[in-house]
Structures are given as structure tokens and as C-alpha cells.
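Student: Got my_file_2.cif for you, mmCIF, C-alpha atoms:
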```
data_final
#
loop_
_atom_site.label_atom_id
_atom_site.label_comp_id
_atom_site.auth_asym_id
_atom_site.auth_seq_id
_atom_site.Cartn_x
_atom_site.Cartn_y
_atom_site.Cartn_z
CA MET A 23 83.71 168.75 37.49
CA SER A 24 81.18 166.29 38.95
CA GLY A 25 82.95 163.01 38.20
CA ALA A 26 81.31 159.60 38.54
CA TYR A 27 78.14 160.69 40.36
CA CYS A 28 75.94 163.75 40.46
CA THR A 29 74.50 165.37 43.59
CA LEU A 30 71.13 166.95 44.17
CA GLN A 31 72.80 170.26 45.02
CA SER A 32 74.75 170.31 41.75
CA LEU A 33 71.52 169.72 39.80
CA VAL A 34 69.75 172.47 41.74
CA ASN A 35 72.62 174.89 41.11
CA LEU A 36 72.15 174.52 37.36
CA ARG A 37 69.03 176.69 37.65
CA LEU A 38 71.30 179.73 37.38
CA GLN A 39 72.73 178.76 33.98
CA ALA A 40 69.29 177.64 32.80
CA LYS A 41 68.04 181.23 33.08
CA ASP A 42 70.10 182.06 29.99
CA LEU A 43 69.11 178.94 28.06
CA PRO A 44 66.82 179.91 25.12
CA LEU A 45 65.35 176.45 24.52
CA PHE A 46 61.95 177.63 23.38
CA ARG A 47 62.52 180.27 20.76
CA PRO A 48 59.87 180.32 17.99
CA GLY A 49 60.61 178.11 15.03
CA ARG A 50 62.26 174.76 14.70
CA SER A 51 65.08 173.35 12.62
CA HIS A 52 65.29 169.71 11.61
CA GLN A 53 68.94 170.12 10.65
CA GLN A 54 71.82 168.75 12.66
CA MET A 55 72.82 171.24 15.33
CA LEU A 56 76.53 172.01 15.19
CA GLY A 57 76.69 175.29 17.06
CA ASN A 58 74.59 177.88 15.23
CA ALA A 59 72.45 180.12 17.40
CA ARG A 60 69.00 179.23 16.06
CA SER A 61 67.11 177.01 18.46
CA PRO A 62 65.77 173.65 17.20
CA PHE A 63 63.15 173.59 19.92
CA LYS A 64 59.69 174.67 18.93
CA GLY A 65 58.29 177.60 20.87
CA ARG A 66 54.75 177.88 22.17
CA GLY A 67 52.19 177.30 19.46
CA VAL A 68 48.82 178.96 18.96
CA ASP A 69 45.30 177.61 19.25
CA PHE A 70 42.43 178.84 17.07
CA GLU A 71 39.96 180.87 19.15
CA GLU A 72 37.36 182.52 16.88
CA VAL A 73 36.56 184.34 13.63
CA ARG A 74 35.58 188.01 13.94
CA ALA A 75 35.17 191.04 11.71
CA TYR A 76 38.41 192.44 10.37
CA GLN A 77 39.75 195.43 12.30
CA PHE A 78 42.32 197.99 11.26
CA GLY A 79 45.78 196.72 12.11
CA ASP A 80 44.94 193.00 11.89
CA ASP A 81 47.38 190.78 10.02
CA ILE A 82 45.98 190.30 6.51
CA ARG A 83 47.54 186.84 6.44
CA SER A 84 44.95 185.76 9.02
CA ILE A 85 41.95 186.75 6.91
CA ASP A 86 39.43 183.91 6.62
CA TRP A 87 38.53 184.13 2.93
CA ARG A 88 35.70 181.56 3.14
CA VAL A 89 33.85 183.53 5.83
CA THR A 90 34.69 186.81 4.08
CA ALA A 91 33.11 185.57 0.83
CA ARG A 92 30.05 184.21 2.64
CA ARG A 93 29.34 187.35 4.68
CA MET A 94 30.59 189.85 2.09
CA LYS A 95 32.70 191.58 4.74
CA PRO A 96 36.35 190.87 5.67
CA HIS A 97 36.75 188.53 8.65
CA THR A 98 39.93 187.38 10.32
CA LYS A 99 40.95 184.37 12.39
CA VAL A 100 41.93 185.03 16.00
CA PHE A 101 44.44 182.79 17.72
CA GLN A 102 45.29 182.38 21.36
CA GLU A 103 48.78 181.50 22.51
CA GLU A 104 49.11 177.93 23.73
CA ARG A 105 50.07 177.81 27.40
CA GLU A 106 51.75 175.32 29.70
CA ARG A 107 53.05 173.08 26.98
CA PRO A 108 54.05 169.66 28.37
CA VAL A 109 57.74 168.79 28.18
CA MET A 110 59.00 165.24 28.77
CA VAL A 111 62.62 164.23 29.32
CA LEU A 112 63.60 160.59 28.72
CA LEU A 113 66.83 160.20 30.69
CA ASP A 114 69.06 157.16 30.16
CA GLN A 115 70.88 155.98 33.30
CA SER A 116 71.77 152.51 32.07
CA HIS A 117 75.18 150.93 32.64
CA SER A 118 76.60 151.89 29.24
CA MET A 119 76.30 155.50 30.49
CA PHE A 120 78.47 154.69 33.53
CA PHE A 121 81.69 155.60 31.74
CA GLY A 122 83.95 158.62 31.46
CA SER A 123 87.60 159.45 30.82
CA GLN A 124 88.08 163.18 31.42
CA HIS A 125 85.46 165.44 33.00
CA ASN A 126 82.28 163.53 33.85
CA PHE A 127 80.82 160.11 33.41
CA LYS A 128 78.28 160.11 30.59
CA SER A 129 75.54 159.36 33.13
CA VAL A 130 76.39 162.56 35.04
CA THR A 131 76.49 164.71 31.91
CA ALA A 132 73.10 163.30 30.87
CA ALA A 133 71.67 164.06 34.33
CA GLU A 134 72.97 167.64 34.16
CA ILE A 135 71.55 168.19 30.67
CA SER A 136 68.16 166.95 31.90
CA ALA A 137 68.31 169.35 34.87
CA LEU A 138 69.12 172.29 32.60
CA ILE A 139 66.16 171.44 30.36
CA ALA A 140 63.90 171.05 33.39
CA TRP A 141 64.83 174.43 34.86
CA ALA A 142 64.53 176.17 31.47
CA THR A 143 61.11 174.61 30.98
CA LEU A 144 59.81 175.79 34.34
CA ASN A 145 61.29 179.27 33.74
CA HIS A 146 59.34 179.35 30.48
CA GLY A 147 56.09 178.56 32.29
CA ASP A 148 55.62 175.09 30.79
CA ARG A 149 55.00 171.72 32.42
CA ILE A 150 58.01 169.51 33.09
CA GLY A 151 58.12 165.76 33.64
CA GLY A 152 59.63 162.67 32.15
CA VAL A 153 61.00 159.17 32.56
CA ILE A 154 64.33 158.09 34.07
CA PHE A 155 65.30 154.55 33.10
CA ASN A 156 67.95 151.86 33.29
CA GLU A 157 67.95 148.16 32.36
CA GLN A 158 65.47 147.13 35.05
CA GLU A 159 63.72 150.25 36.31
CA LEU A 160 61.53 153.00 34.89
CA GLN A 161 60.61 156.04 37.01
CA GLU A 162 57.95 158.39 35.62
CA THR A 163 57.18 161.95 36.71
CA ARG A 164 54.00 163.37 35.18
CA PRO A 165 54.50 166.83 33.62
CA LYS A 166 53.37 169.70 35.87
CA ARG A 167 54.19 173.39 36.11
CA SER A 168 55.41 173.02 39.66
CA ARG A 169 58.70 173.51 41.48
CA LYS A 170 57.72 170.56 43.67
CA THR A 171 57.48 168.36 40.56
CA LEU A 172 60.84 169.59 39.32
CA MET A 173 62.47 168.85 42.68
CA HIS A 174 60.94 165.36 42.62
CA TRP A 175 62.50 164.88 39.16
CA LEU A 176 65.92 165.99 40.42
CA ASN A 177 65.68 163.71 43.47
CA GLN A 178 64.81 160.74 41.28
CA THR A 179 67.67 161.65 38.93
CA GLU A 180 70.18 161.61 41.76
CA ARG A 181 68.77 158.34 43.12
CA MET A 182 68.95 156.55 39.77
CA ASN A 183 72.41 157.94 39.08
CA ARG A 184 73.69 156.69 42.45
CA LYS A 185 72.46 153.16 41.69
CA LEU A 186 74.99 152.78 38.87
CA ARG A 187 77.83 150.40 39.62
CA ALA A 188 80.58 148.72 37.59
CA THR A 189 78.64 145.49 37.08
CA SER A 190 78.09 143.38 34.00
CA ILE A 191 74.79 143.96 32.17
CA SER A 192 73.87 142.12 29.00
CA SER A 193 73.34 144.04 25.79
CA LEU A 194 69.88 142.51 25.52
CA ASP A 195 68.84 144.00 28.87
CA ALA A 196 70.10 147.41 27.75
CA GLU A 197 68.14 147.24 24.50
CA HIS A 198 64.98 146.30 26.32
CA GLY A 199 65.42 149.20 28.77
CA LEU A 200 65.38 151.80 25.99
CA THR A 201 62.66 150.00 24.05
CA ARG A 202 60.43 149.72 27.11
CA THR A 203 60.86 153.43 27.83
CA LEU A 204 59.98 154.50 24.29
CA ARG A 205 56.94 152.24 24.32
CA HIS A 206 55.84 153.79 27.61
CA ALA A 207 56.45 157.34 26.30
CA ARG A 208 54.18 156.67 23.34
CA ARG A 209 51.35 155.80 25.72
CA VAL A 210 51.70 158.76 28.08
CA ALA A 211 52.91 161.63 25.85
CA HIS A 212 50.02 163.77 24.67
CA PRO A 213 50.19 164.89 21.02
CA GLY A 214 52.32 168.01 20.68
CA THR A 215 54.47 167.24 23.71
CA GLN A 216 58.12 168.32 23.48
CA VAL A 217 60.16 165.17 24.16
CA PHE A 218 63.91 165.14 24.85
CA LEU A 219 65.65 161.74 24.66
CA ILE A 220 69.07 161.88 26.38
CA SER A 221 71.17 158.75 25.85
CA ASP A 222 74.35 157.37 24.32
CA PHE A 223 72.12 155.43 21.86
CA ASN A 224 74.38 152.39 22.14
CA HIS A 225 71.43 150.00 22.22
CA ILE A 226 68.89 150.60 19.44
CA ASN A 227 66.92 147.67 18.08
CA GLU A 228 64.21 147.53 15.41
CA GLU A 229 61.37 147.87 17.90
CA ALA A 230 63.00 150.94 19.44
CA GLU A 231 63.25 152.49 15.95
CA GLN A 232 59.54 151.89 15.39
CA HIS A 233 58.66 153.58 18.68
CA LEU A 234 60.93 156.53 17.83
CA SER A 235 59.20 156.92 14.47
CA GLN A 236 55.72 156.89 16.02
CA LEU A 237 56.73 159.19 18.88
CA ALA A 238 58.21 161.73 16.46
CA ARG A 239 55.10 161.61 14.28
CA HIS A 240 52.85 163.06 16.97
CA ASN A 241 55.32 164.96 19.16
CA GLU A 242 58.30 167.30 18.90
CA LEU A 243 61.17 164.89 19.56
CA MET A 244 64.78 165.93 20.15
CA ALA A 245 67.64 163.41 20.47
CA ILE A 246 70.64 164.34 22.62
CA ARG A 247 73.56 161.95 22.33
CA VAL A 248 76.15 161.90 25.13
CA SER A 249 79.52 160.40 24.23
CA ASP A 250 83.05 160.26 25.62
CA PRO A 251 86.25 160.96 23.65
CA LEU A 252 87.63 157.54 24.57
CA GLU A 253 84.75 155.95 22.63
CA SER A 254 86.00 157.43 19.36
CA GLU A 255 89.77 157.40 19.82
CA LEU A 256 91.98 154.96 21.71
CA PRO A 257 94.35 156.52 24.27
CA ALA A 258 97.96 157.39 23.42
CA PRO A 259 100.03 154.44 22.11
CA ASN A 260 100.91 152.18 25.04
CA ARG A 261 99.81 149.01 26.84
CA TYR A 262 96.77 149.40 29.10
CA SER A 263 94.89 147.19 31.51
CA VAL A 264 91.13 147.79 31.24
CA THR A 265 88.30 146.37 33.33
CA ASP A 266 84.51 146.44 33.47
CA GLY A 267 84.53 145.77 37.20
CA MET A 268 84.43 142.02 36.78
CA HIS A 269 86.85 141.14 33.97
CA SER A 270 90.20 142.63 32.96
CA LEU A 271 91.97 142.77 29.60
CA MET A 272 95.28 144.08 28.27
CA ILE A 273 95.15 146.19 25.10
CA ASN A 274 98.04 147.49 23.03
CA THR A 275 97.16 150.83 21.46
CA ARG A 276 100.49 150.99 19.62
CA GLN A 277 98.91 148.98 16.80
CA GLN A 278 97.94 151.48 14.11
CA GLN A 279 95.48 149.06 12.50
CA LEU A 280 93.65 148.60 15.80
CA ARG A 281 93.43 152.36 16.29
CA GLN A 282 91.98 152.85 12.82
CA GLN A 283 89.46 150.04 13.21
CA PHE A 284 88.35 151.42 16.55
CA HIS A 285 87.82 154.91 15.14
CA GLN A 286 86.07 153.63 12.01
CA HIS A 287 83.69 151.57 14.13
CA TYR A 288 82.69 154.70 16.06
CA LEU A 289 82.20 156.73 12.88
CA LYS A 290 80.03 153.98 11.39
CA GLN A 291 77.83 153.83 14.50
CA ASN A 292 77.46 157.60 14.55
CA GLU A 293 76.59 157.71 10.84
CA GLN A 294 73.95 155.00 11.27
CA LEU A 295 72.38 156.89 14.16
CA GLN A 296 72.28 160.14 12.21
CA LYS A 297 70.72 158.46 9.18
CA MET A 298 68.07 156.76 11.30
CA LEU A 299 67.12 159.97 13.13
CA SER A 300 67.16 161.96 9.89
CA ARG A 301 64.75 159.45 8.37
CA PHE A 302 62.29 160.21 11.17
CA ARG A 303 63.06 163.96 11.02
CA ILE A 304 64.42 163.94 14.58
CA PRO A 305 67.08 166.62 15.26
CA LEU A 306 70.25 165.47 17.00
CA LEU A 307 72.48 167.30 19.45
CA GLN A 308 75.94 165.92 20.20
CA ILE A 309 77.23 166.42 23.77
CA THR A 310 80.55 165.21 25.17
CA SER A 311 81.20 164.18 28.75
CA ALA A 312 84.66 165.78 28.50
CA GLN A 313 83.35 169.36 28.88
CA PRO A 314 81.00 171.17 31.29
CA SER A 315 77.38 170.40 30.42
CA ALA A 316 75.94 173.91 30.81
CA GLN A 317 78.75 175.48 28.81
CA GLN A 318 78.07 173.14 25.89
CA LEU A 319 74.29 173.53 25.83
CA LEU A 320 74.50 177.31 26.17
CA GLY A 321 77.18 177.42 23.49
CA LEU A 322 74.86 175.74 20.99
CA TYR A 323 72.68 178.84 21.13
CA GLY A 324 75.37 181.49 21.07
CA VAL A 325 75.23 182.13 24.83
CA ARG A 326 78.62 182.60 26.43
CA ILE A 327 79.27 181.63 30.02
CA ASN A 328 82.36 182.81 31.90
CA SER A 329 84.08 181.29 34.89
CA GLN A 330 82.48 183.80 37.25
CA ASP A 331 79.02 182.69 36.14
CA GLN A 332 79.99 179.04 36.57
CA HIS A 333 80.98 179.57 40.21
CA GLN A 334 78.18 181.98 41.09
CA ASN A 335 76.02 179.10 42.27
CA GLN A 336 78.49 178.42 45.04
CA GLU A 337 77.93 181.92 46.43
CA ASN A 338 74.16 181.68 46.56
CA SER A 339 72.23 179.59 49.04
CA TRP A 340 68.82 178.28 48.12
CA GLN A 341 66.23 176.50 50.19
CA HIS A 342 64.16 173.76 48.56
CA LYS A 343 60.59 174.91 48.09
CA THR A 344 57.64 172.60 47.77
CA HIS A 345 55.62 174.85 45.51
#
```
Output the structure of this file as C-alpha cells.

Tutor:
Amino acid sequence: MSGAYCTLQSLVNLRLQAKDLPLFRPGRSHQQMLGNARSPFKGRGVDFEEVRAYQFGDDIRSIDWRVTARRMKPHTKVFQEERERPVMVLLDQSHSMFFGSQHNFKSVTAAEISALIAWATLNHGDRIGGVIFNEQELQETRPKRSRKTLMHWLNQTERMNRKLRATSISSLDAEHGLTRTLRHARRVAHPGTQVFLISDFNHINEEAEQHLSQLARHNELMAIRVSDPLESELPAPNRYSVTDGMHSLMINTRQQQLRQQFHQHYLKQNEQLQKMLSRFRIPLLQITSAQPSAQQLLGLYGVRINSQDQHQNQENSWQHKTH
């Protein structure tokens, strides 16, 4: 359990679980991921290299029939595997993420998911980078296949996470933070980039939807929503005093009508998000802050992790390398 804030060491330790994370299997599913083992993340693609004479053993599906007809001899297309594919993570560290009721704050779970993706990307030999954002700040790390770049990303993640405080931020500021980040991602993401957007998606406006649509049109975009159980269900019937750090309020969860309205509001928001992402053909993963981050992400791909594996990182020391 990490709690309200993450640490650099905890993000570094996630490299061990990331070794088993099959993010980049060939193929891609646009369906909602609910736990089946097939990966929704597109594997390395292939680039066309040349056309040459057909040789015994070549895949007949690669025969170039136009060239074959022109030269009267069978010719086949040759492809070369695409290498060092850029991967960008858009990590939300805004104040709506600074909330949690059981295991982690949503901001910590999001940071851990981003670290797992970063380590898995580097293990796969691809370039990792991204943008960490809140209501006022946007920190970009250009994608590189470098441990130094990954460590810079983790340092920036910890720094942005530690800046979160229980202060009042307007909904308008939060909307503009996400919108500004998506606008920036459209400018810097090269076509074909794998983009992961990790957020609670509590602040989506029309402009943000437009940027999501355009970003998904030219890139492989994956949405990862982080939520907390207390956002969908009120706590056990009782009277509670709640505060946002500046204001306090008494709520009575014994009222059945209030409980139903609260739950229905969450379901409606979730349904609207799913419909919007489905319209843009953006897959969605649902992650909860009430469970260990690595265990959830690994579980989505049929990879089991036991308690011994979870604590193995505490038995291994690792020095930060710059390359």
C-alpha cells in the first residue's frame, strides 16, 4: 500500500512486475477490456522494404500480383519489422485524482500504472516518454529508448504527485488542464505513436473530445480510467463529516434515495464516458485505487502475481543508472 503519495523507490521497484507485463502482443482489440488475456495494445508493426523474386518458403499472401503480372515471374513483398516505436503516457495528477478511501489515492494508482507501462515499454525496446499534467502545469518528456529518460519520467512523476494538496480547484481549471494536454499531445505525437491516457476523466469538455478524436485517428490511443469505490457507492449507512480541506459538510447515508441517486449518477457518468470513447474507437481499461496497481494490470492479461513476487522488490537493491 502506497497511500496518499508515491515515492521514487516504489516506482522503480515496479520494474520487477513489469517484466511479466505483455503490453505489446501482436494484434489489437477495440472492445472493452474486462479481464480476458488478449492484449489491446498493438505490437510492433512492419514497414515495407522491397519487392524481390519469389523464393521457396515465402508467404504466398505477400505476393505482389501487379509486379508478378508485369514481369511474368512471381515476386513477393518484403517487410522489415518496425523498431523503437514511440510510446507516450499522458498522466493526470490534477486535484480530482487526490482522493482515495481504501488502498491508494487515485493519483498514486495512476502514477504506478504509468511506471509499469514505462518499464514494460523499455523492456520491449521501444521509446518511452509522455506528459504529466495538473490544472496549472504540464511537464513533457520526449520519447527515447533510454533508462536515463525513464528515470527522468519517474522523478517528474514523484515531483508532480507530491505537489498535490487538499486545496480547492475550480472545475473549469481542471477541464482546461486535460484539454491543454490533449492539444499538446496532438502537436508532438508522431503518427503511429502508442498513447496511454491515465485519468479519472472527471473533466471532459467538448474541446477535449475533439482532441481525443483527432489523436485517436492518427495514433493508437488507450484510455485508462482510475476510480475509487467511494465514488460509486456511499459508505455504510451513518452520519459522516466530509471535507475538501477548506469546507466541511455533514451527510446522512441512511437515506436510501440519496444512496440510489449517488450510484445512478456514477453509472450515468461511466456510461457516457464509454459511449464517447467507443465512438472514437478508443479502448478503455478500468482500474480501481482500492487494489494493488500491478496486480490489476497483470490480471487483465492472465498473468498471476503472488505475494512473494510482490515483496521481491524489497529484497533487491538497485542503483540508478544514467544510461

Student: Using all atoms listed in the file, which residues sit within 7 Å of Arg74 of chain A once same-chain residues fewer than 2 positions away are excluded, as a list in words?

Tutor: Glu72, Tyr76, His97, Thr98 and Lys99 of chain A

Student: The PyMOL selection byres ((chain A and resi 260-263) around 12) on the file shown: which residues, as a list of chain:residue names?

Tutor: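 With the shown file as input, the PyMOL selection byres ((chain A and resi 260-263) around 12) matches A:Leu256, A:Pro257, A:Ala258, A:Pro259, A:Val264, A:Thr265, A:Asp266, A:Gly267, A:His269, A:Ser270, A:Leu271, A:Met272, A:Ile273, A:Asn274, A:Thr275, A:Arg276, A:Gln277, A:Gln278, A:Arg281.
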
Student: Could those selected residues go to a file with C-alpha atoms, as a compact mmCIF listing (two decimals), keeping the file's coordinate frame?

Tutor:
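The resulting file, part.txt, is shown below:
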```
# COMPACT_ATOMS: atom_id res chain seq x y z
CA LEU A 256 91.98 154.96 21.71
CA PRO A 257 94.35 156.52 24.27
CA ALA A 258 97.96 157.39 23.42
CA PRO A 259 100.03 154.44 22.11
CA VAL A 264 91.13 147.79 31.24
CA THR A 265 88.30 146.37 33.33
CA ASP A 266 84.51 146.44 33.47
CA GLY A 267 84.53 145.77 37.20
CA HIS A 269 86.85 141.14 33.97
CA SER A 270 90.20 142.63 32.96
CA LEU A 271 91.97 142.77 29.60
CA MET A 272 95.28 144.08 28.27
CA ILE A 273 95.15 146.19 25.10
CA ASN A 274 98.04 147.49 23.03
CA THR A 275 97.16 150.83 21.46
CA ARG A 276 100.49 150.99 19.62
CA GLN A 277 98.91 148.98 16.80
CA GLN A 278 97.94 151.48 14.11
CA ARG A 281 93.43 152.36 16.29
```

Student: For the structure provided, state which residues fall under the PyMOL selection byres ((chain A and resi 176-187) around 10), and present them as number ranges by chain.

Tutor: A: 26-34, 113-120, 129-130, 132-134, 136-137, 140, 153-156, 159-163, 170-175, 188-190, 266-267

Student: For atom CA of Leu43 of chain A and atom CA of Val210 of chain A, determine how far apart the two atoms are, in Å to one decimal place.

Tutor: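 Straight-line distance from atom CA of Leu43 of chain A to atom CA of Val210 of chain A works out to 26.7 Å.
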
Student: Would you mind telling me which residue in A:Gly152, A:Thr90, A:His146, A:Trp141 lies nearest to Leu36 of chain A when using only C-alpha atoms?

Tutor: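 The shortest atom-to-atom distance to Leu36 of chain A comes from A:Trp141.
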
Student: Which residues are close to Pro165 of chain A, i.e. within 10 Å by only C-alpha atoms, leaving aside same-chain residues fewer than 5 positions away? Reply as a ChimeraX atom specification.

Tutor: /A:106-111,148-152,171-172,175,211,215

Student: Rounded to one decimal, what separation in Å do you get between atom CA of Arg37 of chain A and atom CA of Leu319 of chain A?

Tutor: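 Spanning atom CA of Arg37 of chain A to atom CA of Leu319 of chain A is a straight-line distance of 13.3 Å.
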
Student: Which residue out of A:Ile135, A:Gln236, A:Arg83, A:Ser123 has the minimum interatomic distance to Pro314 of chain A when all atoms listed in the file are used?

Tutor: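 Checking each candidate against Pro314 of chain A, we get A:Ile135 as the closest.
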
Student: Which residues fall under the PyMOL selection byres ((chain A and resi 244) around 10) in this file, as a CSV table (one decimal) with C-alpha atoms, in the frame of the given file?

Tutor:
```
chain,number,residue,atom,x,y,z
A,52,HIS,CA,65.3,169.7,11.6
A,62,PRO,CA,65.8,173.6,17.2
A,63,PHE,CA,63.2,173.6,19.9
A,111,VAL,CA,62.6,164.2,29.3
A,216,GLN,CA,58.1,168.3,23.5
A,217,VAL,CA,60.2,165.2,24.2
A,218,PHE,CA,63.9,165.1,24.8
A,219,LEU,CA,65.6,161.7,24.7
A,220,ILE,CA,69.1,161.9,26.4
A,238,ALA,CA,58.2,161.7,16.5
A,241,ASN,CA,55.3,165.0,19.2
A,242,GLU,CA,58.3,167.3,18.9
A,243,LEU,CA,61.2,164.9,19.6
A,245,ALA,CA,67.6,163.4,20.5
A,246,ILE,CA,70.6,164.3,22.6
A,247,ARG,CA,73.6,162.0,22.3
A,299,LEU,CA,67.1,160.0,13.1
A,303,ARG,CA,63.1,164.0,11.0
A,304,ILE,CA,64.4,163.9,14.6
A,305,PRO,CA,67.1,166.6,15.3
A,306,LEU,CA,70.2,165.5,17.0
A,307,LEU,CA,72.5,167.3,19.4
```

Student: Of the residues A:Ser249, A:Gln308, A:Gln282, A:Ser168, which is the one nearest to Phe121 of chain A, using only C-alpha atoms?

Tutor: A:Ser249

Student: Using all atoms listed in the file, can you tell me which of A:Gly324, A:Asp81, A:Glu157, A:Ala75 comes closest to Lys95 of chain A?

Tutor: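 The answer is A:Ala75, which sits nearest to Lys95 of chain A.
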
Student: Give the answer as one residue: which of A:Ile82, A:Leu234, A:Leu38, A:Val89 has the shortest atom-to-atom distance to Arg301 of chain A, using all atoms listed in the file?

Tutor: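 Using all atoms listed in the file, Arg301 of chain A sits closest to A:Leu234.
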
Student: Can you tell me which residues surround Gln294 of chain A at a distance of at most 12 Å, considering all atoms listed in the file, apart from same-chain residues fewer than 4 positions away, and format the answer as an MDAnalysis selection string?

Tutor: chainID A and resid 223:224 226 231 287:290 298:301

Student: Give me, please, the distance in Å between atom CA of Gln317 of chain A and atom CA of Leu204 of chain A, quoted to one decimal.

Tutor: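 Pair atom CA of Gln317 of chain A / atom CA of Leu204 of chain A returns 28.5 Å.
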
Student: Neighbours of Gly25 of chain A within 7 Å (only C-alpha atoms; same-chain residues fewer than 2 positions away dropped), as a ChimeraX atom specification?

Tutor: /A:23,27,125-127

Student: When you get a chance, write out N, CA and C atoms for segment 89-100 of chain A, as a PDB file, in the frame of the given file.

Tutor:
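New file part_7.pdb:
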```pdb
ATOM      1  N   VAL A  89      34.848 182.764   5.082  1.00  0.00           N
ATOM      2  CA  VAL A  89      33.850 183.530   5.830  1.00  0.00           C
ATOM      3  C   VAL A  89      33.669 184.914   5.199  1.00  0.00           C
ATOM      4  N   THR A  90      34.763 185.502   4.727  1.00  0.00           N
ATOM      5  CA  THR A  90      34.690 186.810   4.080  1.00  0.00           C
ATOM      6  C   THR A  90      33.783 186.760   2.849  1.00  0.00           C
ATOM      7  N   ALA A  91      33.939 185.705   2.044  1.00  0.00           N
ATOM      8  CA  ALA A  91      33.110 185.570   0.830  1.00  0.00           C
ATOM      9  C   ALA A  91      31.654 185.319   1.185  1.00  0.00           C
ATOM     10  N   ARG A  92      31.426 184.549   2.261  1.00  0.00           N
ATOM     11  CA  ARG A  92      30.050 184.210   2.640  1.00  0.00           C
ATOM     12  C   ARG A  92      29.311 185.410   3.222  1.00  0.00           C
ATOM     13  N   ARG A  93      29.990 186.224   3.998  1.00  0.00           N
ATOM     14  CA  ARG A  93      29.340 187.350   4.680  1.00  0.00           C
ATOM     15  C   ARG A  93      29.556 188.682   3.967  1.00  0.00           C
ATOM     16  N   MET A  94      30.350 188.657   2.901  1.00  0.00           N
ATOM     17  CA  MET A  94      30.590 189.850   2.090  1.00  0.00           C
ATOM     18  C   MET A  94      31.277 190.971   2.862  1.00  0.00           C
ATOM     19  N   LYS A  95      31.902 190.627   3.956  1.00  0.00           N
ATOM     20  CA  LYS A  95      32.700 191.580   4.740  1.00  0.00           C
ATOM     21  C   LYS A  95      33.960 190.844   5.204  1.00  0.00           C
ATOM     22  N   PRO A  96      35.103 191.548   5.265  1.00  0.00           N
ATOM     23  CA  PRO A  96      36.350 190.870   5.670  1.00  0.00           C
ATOM     24  C   PRO A  96      36.297 190.396   7.120  1.00  0.00           C
ATOM     25  N   HIS A  97      36.660 189.130   7.309  1.00  0.00           N
ATOM     26  CA  HIS A  97      36.750 188.530   8.650  1.00  0.00           C
ATOM     27  C   HIS A  97      38.141 187.919   8.816  1.00  0.00           C
ATOM     28  N   THR A  98      38.593 187.891  10.038  1.00  0.00           N
ATOM     29  CA  THR A  98      39.930 187.380  10.320  1.00  0.00           C
ATOM     30  C   THR A  98      39.890 186.319  11.412  1.00  0.00           C
ATOM     31  N   LYS A  99      40.836 185.393  11.355  1.00  0.00           N
ATOM     32  CA  LYS A  99      40.950 184.370  12.390  1.00  0.00           C
ATOM     33  C   LYS A  99      41.727 184.931  13.581  1.00  0.00           C
ATOM     34  N   VAL A 100      41.268 184.595  14.767  1.00  0.00           N
ATOM     35  CA  VAL A 100      41.930 185.030  16.000  1.00  0.00           C
ATOM     36  C   VAL A 100      42.510 183.804  16.688  1.00  0.00           C
TER      37      VAL A 100
END
```
